[in-house]
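Here's the structure, in structure tokens; my notes come after.
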Amino acid sequence: MSLSDRPSSRTFTVRHLVDGIGAPILNALTAQGALEQPVRGTVLHDPADPLPPGRDQVLLMPGLLADQPAAAELVREAARLGYSAMVVKLRGAKGTELVTEAEGSGLPLLAAADEVSWRHLDALLLSVLGSQGVGGGSAADSGDGLFALANAVSAVIGGSVAIEDLDRRVMAYSSSPDQRIDSLRREGILSRRVPEIDHNLERYRVLLGSEGVVRFPEALGALPRAAVTIRAGTQPLGTIWAIESPDGIGADGERALIDCARLAALHILRNRNASELELQKRESALLGALEGLWPTHETSFRLSIPPGAELGLLGFAASADARGLLALTAHLGHALTRYVVPVRPDASIATTSRAIYVLLPGGGSAAATRLAKGALTSIRGSFGDFVRVAIAPADTDPASLPAMRRETDDILRVTTAHPDAPPVATLDDVRARLLLARVGDELSHEPRLRHPGVAAMVAHDTENGTDFVVSLLAWLEAVGNVAEAAARLGVHTNTLRYRLRRTAELFGLPLEQPDDRLAVWLQLRLLQR
């Protein structure tokens, strides 16, 4: 049956909790028959303090040593006060007496992995409970939670399944005891975040740029995986990754992944709060404004732009040497949103396939520059120094936004292609390089404008090991000063004069007029890019 046909349970028990989280994070120490206690929440408790009432609560006991005498007394007290279960860390202890006491008291006893922090475990438990609609939440009314979806897909595919957000944080995962799993998935589950590995970043780039299910072969000890992007329309919300069984996933497995992506998108959207929905509405409005779809008054209304405000527009993109981050604009946009919203709650953010745009409705270029530098500092830990920012000239007319966007795109075209370009740039910083790029565009569109002698000279140097290109470039860049150019090349002036004379003879390059020299120099410079 399809994932959407799977039933959802409104009553959540300790068994559901253990099955939902499962190894390696959580294991039951007591008999399975004791796991039917209902659960509604968690309590973190210091063993040195009096134990409060806790009906239908899971008791987390940081600092409790499983073999100490007080542990058994706490088990009896927790059972008397109505707790659903107690969670301890064994830390190498056997805990035999504690298990015996728990079984005698009828209190389920669970063991948490030593590596998992108590705060992390508490957040995970509440996440699982919330995904099932415990406590009257609306998630139960919207169908299965993310953990149930992951388990359903794992049952079809046979391997471990993880559902991630755009920060590569693990939102939910399958917990079947016999599922196929590897060390990379275990590490992601324990830390709730996918490890930062270069080949992982490239895989996200491929996945986010593809439609449907994408298959990835075994690499660096990671088992083969099938993955799909969770989308709302064209907007990515997260990803789903399934470790394949030894026989692959088959057509049923692919359908299960696609089903899961569709249901996960509904789950994520239903749980978005009002501020996230407002950001999404602003994103749509900004994309329309950058395309010039709205009249001026409509743009101002949709983006809440005050009259006469000095607009600042920034463009963010990953540089060409970002080792897999080039197309991960969805992740970059997510990270920028987390930084920008608290700093400038009036800002609008829009993510496209090539760049992320941030509109500041006030403060102009100065505010944009401050925001750009702060954002780069904030996201450096995740993206290194590979992100580039373009700042358009400030304007007070919302109708200028399409032109401002074109300028940021032009700047990013240069700064993302050149490793030595400044991380934050305006047109003044890249004007010469952009001019060269535009000349290159024109020559690509109109190849007849190229002088054939330039290509012939390059081919001659390649085939015969001659130095006509570097010699001619040195002379042109020295503005015709033979002595200076010869010194740069480390040759005698007569040698350089001979090469220049032979250049004209062999390749028919015109070098007498300034315009001709400029045209030849432009073609040679573009060959160096």
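Every chain in the structure tokens takes a letter, A first, then B, and so on in the order presented; its residues are numbered from 1, and the ligands are numbered from 1 following the presented order.
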Residues flagged alpha helix (DSSP H) by DSSP in segment 142-190 of chain A, as a VMD selection string: chain A and resid 146 to 157 183 to 190
Selected residue of minimal separation from Leu336 of chain A among A:Leu166, A:Leu427, A:Leu449, A:Leu121, counting only C-alpha atoms: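 Closest candidate: A:Leu166.
Summary of the local environment: counting only C-alpha atoms, residues at most 7 Å from Ala172 of chain A, other than itself and those fewer than 4 positions away along its chain, are Leu146, Phe147, Ala150, Ala162 and Ile163 of chain A.
Atom pair atom CA of Asp346 of chain A / atom CA of Glu291 of chain A has a distance of 20.5 Å (rounded to one decimal).
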Residues within 12 Å of Leu290 of chain A, only C-alpha atoms, excluding chain neighbours under 3 positions, as a count of residues only: 35
So that I can see what lies close to Leu81 of chain A, please list as a PDB file with C-alpha atoms, in the first residue's frame the residues with an atom at most 10 Å from it, counting only C-alpha atoms and leaving out residues fewer than 2 positions away in the same chain.
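The file below, result_34.pdb, is the result:
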```pdb
ATOM      1  CA  LEU A  51      11.056  13.898  42.439  1.00  0.00           C
ATOM      2  CA  PRO A  52       7.927  15.814  41.271  1.00  0.00           C
ATOM      3  CA  PRO A  53       4.699  14.090  40.134  1.00  0.00           C
ATOM      4  CA  GLY A  54       4.965  12.993  36.508  1.00  0.00           C
ATOM      5  CA  ARG A  55       1.977  11.041  35.251  1.00  0.00           C
ATOM      6  CA  ASP A  56       2.484   9.929  31.636  1.00  0.00           C
ATOM      7  CA  GLN A  57       5.931  11.574  31.537  1.00  0.00           C
ATOM      8  CA  ARG A  76      10.261   2.832  42.964  1.00  0.00           C
ATOM      9  CA  GLU A  77       9.385   6.506  43.536  1.00  0.00           C
ATOM     10  CA  ALA A  78       8.973   7.172  39.791  1.00  0.00           C
ATOM     11  CA  ALA A  79       6.610   4.213  39.463  1.00  0.00           C
ATOM     12  CA  TYR A  83       5.900   8.131  35.317  1.00  0.00           C
ATOM     13  CA  SER A  84       5.669   6.264  32.010  1.00  0.00           C
TER      14      SER A  84
END
```
